[in-house]
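Trainee: Pasting a structure below so you can have a look.
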Amino acid sequence: YTQYGIPMAIITFSMTCDALLGGRKTVTRRDWKPSHMANWQRWYDDGKHIHDAYDQIPIAGGSKIAEIQLVERPYWEPLNNMPEDDLDAEGGMVDSLEDFCELIGLPPSHEVAVIRFEVVETEATVG
């Protein structure tokens, strides 16, 4: 995705749109390839901290629902090291790490990208 010829990063929140827009979701864990994570870390290092949040990928008809600002450099973390407080920060869909791992279909030992952010703007047209 580009805007004015500048590559823009987008991230989708299909399962947690309401939590994101309600300010309850402030972290997301993603099973990214190392090359994709390297892009996000480079963008962060280059001062590109604001990214577009979509309800689903644009090619599937997704719409921009918000802009998020990274509050920390993205990092790798095994799921079993996830702080308990992050269950709520992930959108509050489940009550335990075991349930979270089941929800996303990954074992507790799996290392994922951790993206911490705050919502800086929501789209007024969100219905």
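Labels for the structure tokens follow display order: chains A, B, ..., residues from 1 in each chain, ligands from 1.
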Please return as number ranges by chain: the residues of chain A that backbone DSSP assigns to alpha helix (DSSP H).
Mentor: A: 17-21, 34-45, 86-89, 97-104
Trainee: Would you pick out the contacts of range 59-68 of chain A at 10 Å or less, using only C-alpha atoms, so that residues sharing its chain but fewer than 5 positions from it are not included, and give the list as an mmCIF file with C-alpha atoms, in the first residue's frame?
Mentor:
data_model
loop_
_atom_site.group_PDB
_atom_site.id
_atom_site.type_symbol
_atom_site.label_atom_id
_atom_site.label_comp_id
_atom_site.auth_asym_id
_atom_site.auth_seq_id
_atom_site.Cartn_x
_atom_site.Cartn_y
_atom_site.Cartn_z
ATOM 1 C CA ILE A 10 -1.204 -1.364 7.412
ATOM 2 C CA ILE A 11 -2.308 -3.813 10.045
ATOM 3 C CA THR A 12 -5.669 -5.536 10.239
ATOM 4 C CA PHE A 13 -7.854 -6.023 13.306
ATOM 5 C CA SER A 14 -10.685 -8.176 11.961
ATOM 6 C CA CYS A 17 -12.194 -3.909 15.705
ATOM 7 C CA LEU A 20 -9.455 -1.282 19.075
ATOM 8 C CA LEU A 21 -11.965 1.504 18.472
ATOM 9 C CA THR A 26 -3.228 -1.636 22.866
ATOM 10 C CA HIS A 49 5.466 5.297 14.156
ATOM 11 C CA ILE A 50 1.976 5.966 12.743
ATOM 12 C CA HIS A 51 0.308 3.237 10.690
ATOM 13 C CA ASP A 52 -3.131 2.561 9.266
ATOM 14 C CA ALA A 53 -5.463 0.100 10.994
ATOM 15 C CA TYR A 54 -7.946 -1.765 8.796
ATOM 16 C CA ARG A 116 2.431 -2.097 21.234
ATOM 17 C CA PHE A 117 0.460 0.969 20.194
ATOM 18 C CA GLU A 118 -2.159 3.580 20.960
ATOM 19 C CA VAL A 119 -4.997 4.696 18.732
ATOM 20 C CA VAL A 120 -4.370 8.261 17.597
ATOM 21 C CA GLU A 121 -7.309 8.726 15.251
ATOM 22 C CA THR A 122 -10.417 6.829 14.234
ATOM 23 C CA GLU A 123 -12.265 7.156 10.963
ATOM 24 C CA ALA A 124 -15.474 9.162 11.400
ATOM 25 C CA THR A 125 -17.199 7.011 8.788
ATOM 26 C CA VAL A 126 -16.902 3.793 10.774
ATOM 27 C CA GLY A 127 -20.408 2.393 11.149
#
Trainee: Compare A:Val112, A:Val27, A:Glu90, A:Pro83 by their minimum atom-to-atom distance to Leu70 in chain A, counting only C-alpha atoms, and give me the closest one.
Mentor: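 Checking each of A:Val112, A:Val27, A:Glu90, A:Pro83 against Leu70 in chain A, counting only C-alpha atoms, the winner is A:Val27.
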Trainee: Quick one: residues within 10 Å of Pro78 in chain A, only C-alpha atoms counted, chain neighbours fewer than 6 positions away excluded, as number ranges by chain?
Mentor: A: 107-114
Trainee: Rank A:Glu84, A:Leu79, A:Gly22, A:Ala9 by their smallest atom-to-atom distance to Ile104 in chain A, using only C-alpha atoms, and report the top residue only.
Mentor: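 With only C-alpha atoms as the atom set, the closest residue is A:Leu79.
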Trainee: Which of these residues is nearest to Val71 in chain A, using only C-alpha atoms: A:Tyr44, A:Phe100, A:Ala38, A:Asp95?
Mentor: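 Among the listed residues, the smallest separation from Val71 in chain A belongs to A:Tyr44.
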Trainee: Give me the residues within 12 Å of Asn39 in chain A as an MDAnalysis selection string, counting only C-alpha atoms and dropping any in the same chain fewer than 5 places off.
Mentor: chainID A and resid 7:10 32:34 44:46 48 73:75 113
Trainee: Interatomic distance between CA of Leu97 in chain A and CA of Asn80 in chain A?
Mentor: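 It comes out at 7.3 Å.
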Trainee: Could you tell me how far CA of Met82 in chain A lies from CA of Gly23 in chain A, in Å and to one decimal?
Mentor: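 Straight-line distance from CA of Met82 in chain A to CA of Gly23 in chain A works out to 19.9 Å.
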Trainee: Restricting the calculation to only C-alpha atoms: of A:Ser35, A:Asp55, A:Glu98, A:Leu103, which residue gets closest to Thr16 in chain A?
Mentor: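 Nearest to Thr16 in chain A: A:Asp55.
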Trainee: Quick one: pull the distance between CA of Asp88 in chain A and CA of Arg24 in chain A, Å, one decimal.
Mentor: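 Interatomic distance here is 7.3 Å.
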Trainee: For Glu77 in chain A, which residue out of A:Trp40, A:Lys25, A:Asp18, A:Ile115 is the nearest one, using only C-alpha atoms?
Mentor: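 Among the listed residues, A:Ile115 lies closest to Glu77 in chain A.
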Trainee: From a DSSP calculation on the backbone, collect every residue of chain A in strand (DSSP E or B) and output the set as a PDB file with N, CA, C and O atoms, in the first residue's frame.
Mentor:
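Printed below is part-v4.pdb as written:
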ATOM      1  N   THR A   2       0.599   2.189  -0.858  1.00  0.00           N
ATOM      2  CA  THR A   2       1.390   3.411  -0.881  1.00  0.00           C
ATOM      3  C   THR A   2       0.482   4.631  -0.848  1.00  0.00           C
ATOM      4  O   THR A   2      -0.668   4.583  -1.279  1.00  0.00           O
ATOM      5  N   GLN A   3       0.992   5.689  -0.298  1.00  0.00           N
ATOM      6  CA  GLN A   3       0.304   6.977  -0.289  1.00  0.00           C
ATOM      7  C   GLN A   3       1.331   8.012  -0.715  1.00  0.00           C
ATOM      8  O   GLN A   3       2.398   8.109  -0.120  1.00  0.00           O
ATOM      9  N   ILE A   6       4.806   6.822  -1.126  1.00  0.00           N
ATOM     10  CA  ILE A   6       5.552   6.398   0.071  1.00  0.00           C
ATOM     11  C   ILE A   6       4.926   5.105   0.589  1.00  0.00           C
ATOM     12  O   ILE A   6       3.708   5.039   0.773  1.00  0.00           O
ATOM     13  N   PRO A   7       5.724   4.055   0.802  1.00  0.00           N
ATOM     14  CA  PRO A   7       5.142   2.819   1.340  1.00  0.00           C
ATOM     15  C   PRO A   7       4.522   3.075   2.716  1.00  0.00           C
ATOM     16  O   PRO A   7       5.128   3.719   3.554  1.00  0.00           O
ATOM     17  N   ILE A  10       0.130  -1.208   6.857  1.00  0.00           N
ATOM     18  CA  ILE A  10      -1.204  -1.364   7.412  1.00  0.00           C
ATOM     19  C   ILE A  10      -1.218  -2.621   8.258  1.00  0.00           C
ATOM     20  O   ILE A  10      -0.413  -3.528   8.074  1.00  0.00           O
ATOM     21  N   ILE A  11      -2.143  -2.647   9.190  1.00  0.00           N
ATOM     22  CA  ILE A  11      -2.308  -3.813  10.045  1.00  0.00           C
ATOM     23  C   ILE A  11      -3.813  -4.007  10.225  1.00  0.00           C
ATOM     24  O   ILE A  11      -4.550  -3.031  10.333  1.00  0.00           O
ATOM     25  N   THR A  12      -4.234  -5.255  10.172  1.00  0.00           N
ATOM     26  CA  THR A  12      -5.669  -5.536  10.239  1.00  0.00           C
ATOM     27  C   THR A  12      -6.070  -6.009  11.635  1.00  0.00           C
ATOM     28  O   THR A  12      -5.285  -6.654  12.336  1.00  0.00           O
ATOM     29  N   VAL A  27      -2.216  -3.738  22.210  1.00  0.00           N
ATOM     30  CA  VAL A  27      -1.112  -4.609  21.800  1.00  0.00           C
ATOM     31  C   VAL A  27      -1.676  -5.673  20.866  1.00  0.00           C
ATOM     32  O   VAL A  27      -2.845  -6.059  20.988  1.00  0.00           O
ATOM     33  N   THR A  28      -0.853  -6.104  19.945  1.00  0.00           N
ATOM     34  CA  THR A  28      -1.241  -7.213  19.080  1.00  0.00           C
ATOM     35  C   THR A  28      -0.036  -8.112  18.870  1.00  0.00           C
ATOM     36  O   THR A  28       1.100  -7.635  18.826  1.00  0.00           O
ATOM     37  N   ARG A  29      -0.297  -9.387  18.789  1.00  0.00           N
ATOM     38  CA  ARG A  29       0.742 -10.380  18.534  1.00  0.00           C
ATOM     39  C   ARG A  29       0.491 -10.977  17.162  1.00  0.00           C
ATOM     40  O   ARG A  29      -0.634 -11.353  16.851  1.00  0.00           O
ATOM     41  N   ARG A  30       1.553 -11.063  16.369  1.00  0.00           N
ATOM     42  CA  ARG A  30       1.416 -11.532  14.999  1.00  0.00           C
ATOM     43  C   ARG A  30       2.447 -12.600  14.685  1.00  0.00           C
ATOM     44  O   ARG A  30       3.595 -12.512  15.107  1.00  0.00           O
ATOM     45  N   ILE A  50       3.421   5.957  12.965  1.00  0.00           N
ATOM     46  CA  ILE A  50       1.976   5.966  12.743  1.00  0.00           C
ATOM     47  C   ILE A  50       1.651   5.096  11.533  1.00  0.00           C
ATOM     48  O   ILE A  50       2.270   5.229  10.466  1.00  0.00           O
ATOM     49  N   HIS A  51       0.687   4.189  11.731  1.00  0.00           N
ATOM     50  CA  HIS A  51       0.308   3.237  10.690  1.00  0.00           C
ATOM     51  C   HIS A  51      -1.212   3.137  10.621  1.00  0.00           C
ATOM     52  O   HIS A  51      -1.918   3.433  11.589  1.00  0.00           O
ATOM     53  N   ASP A  52      -1.694   2.696   9.478  1.00  0.00           N
ATOM     54  CA  ASP A  52      -3.131   2.561   9.266  1.00  0.00           C
ATOM     55  C   ASP A  52      -3.646   1.234   9.815  1.00  0.00           C
ATOM     56  O   ASP A  52      -3.024   0.186   9.609  1.00  0.00           O
ATOM     57  N   ALA A  53      -4.780   1.299  10.489  1.00  0.00           N
ATOM     58  CA  ALA A  53      -5.463   0.100  10.994  1.00  0.00           C
ATOM     59  C   ALA A  53      -6.689  -0.145  10.121  1.00  0.00           C
ATOM     60  O   ALA A  53      -7.479   0.763   9.882  1.00  0.00           O
ATOM     61  N   TYR A  54      -6.834  -1.367   9.659  1.00  0.00           N
ATOM     62  CA  TYR A  54      -7.946  -1.765   8.796  1.00  0.00           C
ATOM     63  C   TYR A  54      -8.782  -2.843   9.477  1.00  0.00           C
ATOM     64  O   TYR A  54      -8.267  -3.579  10.328  1.00  0.00           O
ATOM     65  N   LYS A  64     -10.148   1.351   6.138  1.00  0.00           N
ATOM     66  CA  LYS A  64      -9.351   1.947   7.214  1.00  0.00           C
ATOM     67  C   LYS A  64     -10.302   2.335   8.341  1.00  0.00           C
ATOM     68  O   LYS A  64     -11.322   2.979   8.112  1.00  0.00           O
ATOM     69  N   ILE A  65      -9.976   1.910   9.557  1.00  0.00           N
ATOM     70  CA  ILE A  65     -10.821   2.220  10.709  1.00  0.00           C
ATOM     71  C   ILE A  65     -10.135   3.164  11.696  1.00  0.00           C
ATOM     72  O   ILE A  65     -10.796   3.764  12.533  1.00  0.00           O
ATOM     73  N   ALA A  66      -8.814   3.263  11.608  1.00  0.00           N
ATOM     74  CA  ALA A  66      -8.089   4.090  12.575  1.00  0.00           C
ATOM     75  C   ALA A  66      -6.641   4.253  12.140  1.00  0.00           C
ATOM     76  O   ALA A  66      -6.189   3.620  11.188  1.00  0.00           O
ATOM     77  N   GLU A  67      -5.948   5.109  12.877  1.00  0.00           N
ATOM     78  CA  GLU A  67      -4.493   5.194  12.793  1.00  0.00           C
ATOM     79  C   GLU A  67      -3.959   4.854  14.169  1.00  0.00           C
ATOM     80  O   GLU A  67      -4.516   5.285  15.180  1.00  0.00           O
ATOM     81  N   ILE A  68      -2.903   4.055  14.172  1.00  0.00           N
ATOM     82  CA  ILE A  68      -2.268   3.697  15.438  1.00  0.00           C
ATOM     83  C   ILE A  68      -0.852   4.255  15.453  1.00  0.00           C
ATOM     84  O   ILE A  68      -0.237   4.437  14.408  1.00  0.00           O
ATOM     85  N   GLN A  69      -0.376   4.533  16.660  1.00  0.00           N
ATOM     86  CA  GLN A  69       1.001   4.996  16.837  1.00  0.00           C
ATOM     87  C   GLN A  69       1.728   3.989  17.707  1.00  0.00           C
ATOM     88  O   GLN A  69       1.287   3.681  18.824  1.00  0.00           O
ATOM     89  N   LEU A  70       2.833   3.475  17.186  1.00  0.00           N
ATOM     90  CA  LEU A  70       3.630   2.532  17.970  1.00  0.00           C
ATOM     91  C   LEU A  70       4.217   3.261  19.170  1.00  0.00           C
ATOM     92  O   LEU A  70       4.722   4.375  19.044  1.00  0.00           O
ATOM     93  N   TYR A  75       8.965  -6.166  18.843  1.00  0.00           N
ATOM     94  CA  TYR A  75       9.955  -7.142  19.310  1.00  0.00           C
ATOM     95  C   TYR A  75       9.369  -8.555  19.261  1.00  0.00           C
ATOM     96  O   TYR A  75       8.159  -8.743  19.181  1.00  0.00           O
ATOM     97  N   TRP A  76      10.258  -9.532  19.299  1.00  0.00           N
ATOM     98  CA  TRP A  76       9.867 -10.942  19.326  1.00  0.00           C
ATOM     99  C   TRP A  76       9.686 -11.398  20.772  1.00  0.00           C
ATOM    100  O   TRP A  76      10.438 -10.981  21.654  1.00  0.00           O
ATOM    101  N   GLU A  77       8.706 -12.292  20.978  1.00  0.00           N
ATOM    102  CA  GLU A  77       8.472 -12.838  22.319  1.00  0.00           C
ATOM    103  C   GLU A  77       7.752 -14.175  22.185  1.00  0.00           C
ATOM    104  O   GLU A  77       6.762 -14.272  21.456  1.00  0.00           O
ATOM    105  N   PRO A  78       8.222 -15.203  22.911  1.00  0.00           N
ATOM    106  CA  PRO A  78       7.455 -16.457  22.927  1.00  0.00           C
ATOM    107  C   PRO A  78       6.096 -16.190  23.598  1.00  0.00           C
ATOM    108  O   PRO A  78       6.021 -15.423  24.564  1.00  0.00           O
ATOM    109  N   GLU A 111       7.269 -18.179  18.970  1.00  0.00           N
ATOM    110  CA  GLU A 111       7.698 -16.790  19.079  1.00  0.00           C
ATOM    111  C   GLU A 111       6.926 -15.938  18.073  1.00  0.00           C
ATOM    112  O   GLU A 111       6.819 -16.290  16.901  1.00  0.00           O
ATOM    113  N   VAL A 112       6.368 -14.838  18.562  1.00  0.00           N
ATOM    114  CA  VAL A 112       5.563 -13.956  17.719  1.00  0.00           C
ATOM    115  C   VAL A 112       6.068 -12.518  17.811  1.00  0.00           C
ATOM    116  O   VAL A 112       6.796 -12.158  18.735  1.00  0.00           O
ATOM    117  N   ALA A 113       5.648 -11.718  16.840  1.00  0.00           N
ATOM    118  CA  ALA A 113       5.943 -10.286  16.857  1.00  0.00           C
ATOM    119  C   ALA A 113       4.964  -9.606  17.806  1.00  0.00           C
ATOM    120  O   ALA A 113       3.761  -9.877  17.765  1.00  0.00           O
ATOM    121  N   VAL A 114       5.470  -8.734  18.667  1.00  0.00           N
ATOM    122  CA  VAL A 114       4.634  -7.988  19.603  1.00  0.00           C
ATOM    123  C   VAL A 114       4.666  -6.517  19.177  1.00  0.00           C
ATOM    124  O   VAL A 114       5.738  -5.917  19.060  1.00  0.00           O
ATOM    125  N   ILE A 115       3.463  -5.975  18.926  1.00  0.00           N
ATOM    126  CA  ILE A 115       3.313  -4.598  18.484  1.00  0.00           C
ATOM    127  C   ILE A 115       2.498  -3.852  19.536  1.00  0.00           C
ATOM    128  O   ILE A 115       1.323  -4.145  19.746  1.00  0.00           O
ATOM    129  N   ARG A 116       3.121  -2.897  20.215  1.00  0.00           N
ATOM    130  CA  ARG A 116       2.431  -2.097  21.234  1.00  0.00           C
ATOM    131  C   ARG A 116       2.127  -0.718  20.643  1.00  0.00           C
ATOM    132  O   ARG A 116       2.993  -0.110  20.022  1.00  0.00           O
ATOM    133  N   PHE A 117       0.904  -0.244  20.871  1.00  0.00           N
ATOM    134  CA  PHE A 117       0.460   0.969  20.194  1.00  0.00           C
ATOM    135  C   PHE A 117      -0.625   1.675  20.979  1.00  0.00           C
ATOM    136  O   PHE A 117      -1.145   1.159  21.968  1.00  0.00           O
ATOM    137  N   GLU A 118      -0.974   2.865  20.489  1.00  0.00           N
ATOM    138  CA  GLU A 118      -2.159   3.580  20.960  1.00  0.00           C
ATOM    139  C   GLU A 118      -2.895   4.077  19.727  1.00  0.00           C
ATOM    140  O   GLU A 118      -2.273   4.347  18.692  1.00  0.00           O
ATOM    141  N   VAL A 119      -4.199   4.160  19.828  1.00  0.00           N
ATOM    142  CA  VAL A 119      -4.997   4.696  18.732  1.00  0.00           C
ATOM    143  C   VAL A 119      -4.887   6.211  18.778  1.00  0.00           C
ATOM    144  O   VAL A 119      -5.100   6.818  19.817  1.00  0.00           O
ATOM    145  N   VAL A 120      -4.513   6.805  17.639  1.00  0.00           N
ATOM    146  CA  VAL A 120      -4.370   8.261  17.597  1.00  0.00           C
ATOM    147  C   VAL A 120      -5.520   8.929  16.848  1.00  0.00           C
ATOM    148  O   VAL A 120      -5.773  10.108  17.036  1.00  0.00           O
ATOM    149  N   GLU A 121      -6.204   8.160  16.001  1.00  0.00           N
ATOM    150  CA  GLU A 121      -7.309   8.726  15.251  1.00  0.00           C
ATOM    151  C   GLU A 121      -8.195   7.594  14.751  1.00  0.00           C
ATOM    152  O   GLU A 121      -7.698   6.555  14.347  1.00  0.00           O
ATOM    153  N   THR A 122      -9.495   7.804  14.811  1.00  0.00           N
ATOM    154  CA  THR A 122     -10.417   6.829  14.234  1.00  0.00           C
ATOM    155  C   THR A 122     -11.118   7.479  13.054  1.00  0.00           C
ATOM    156  O   THR A 122     -11.244   8.699  12.983  1.00  0.00           O
TER     157      THR A 122
END
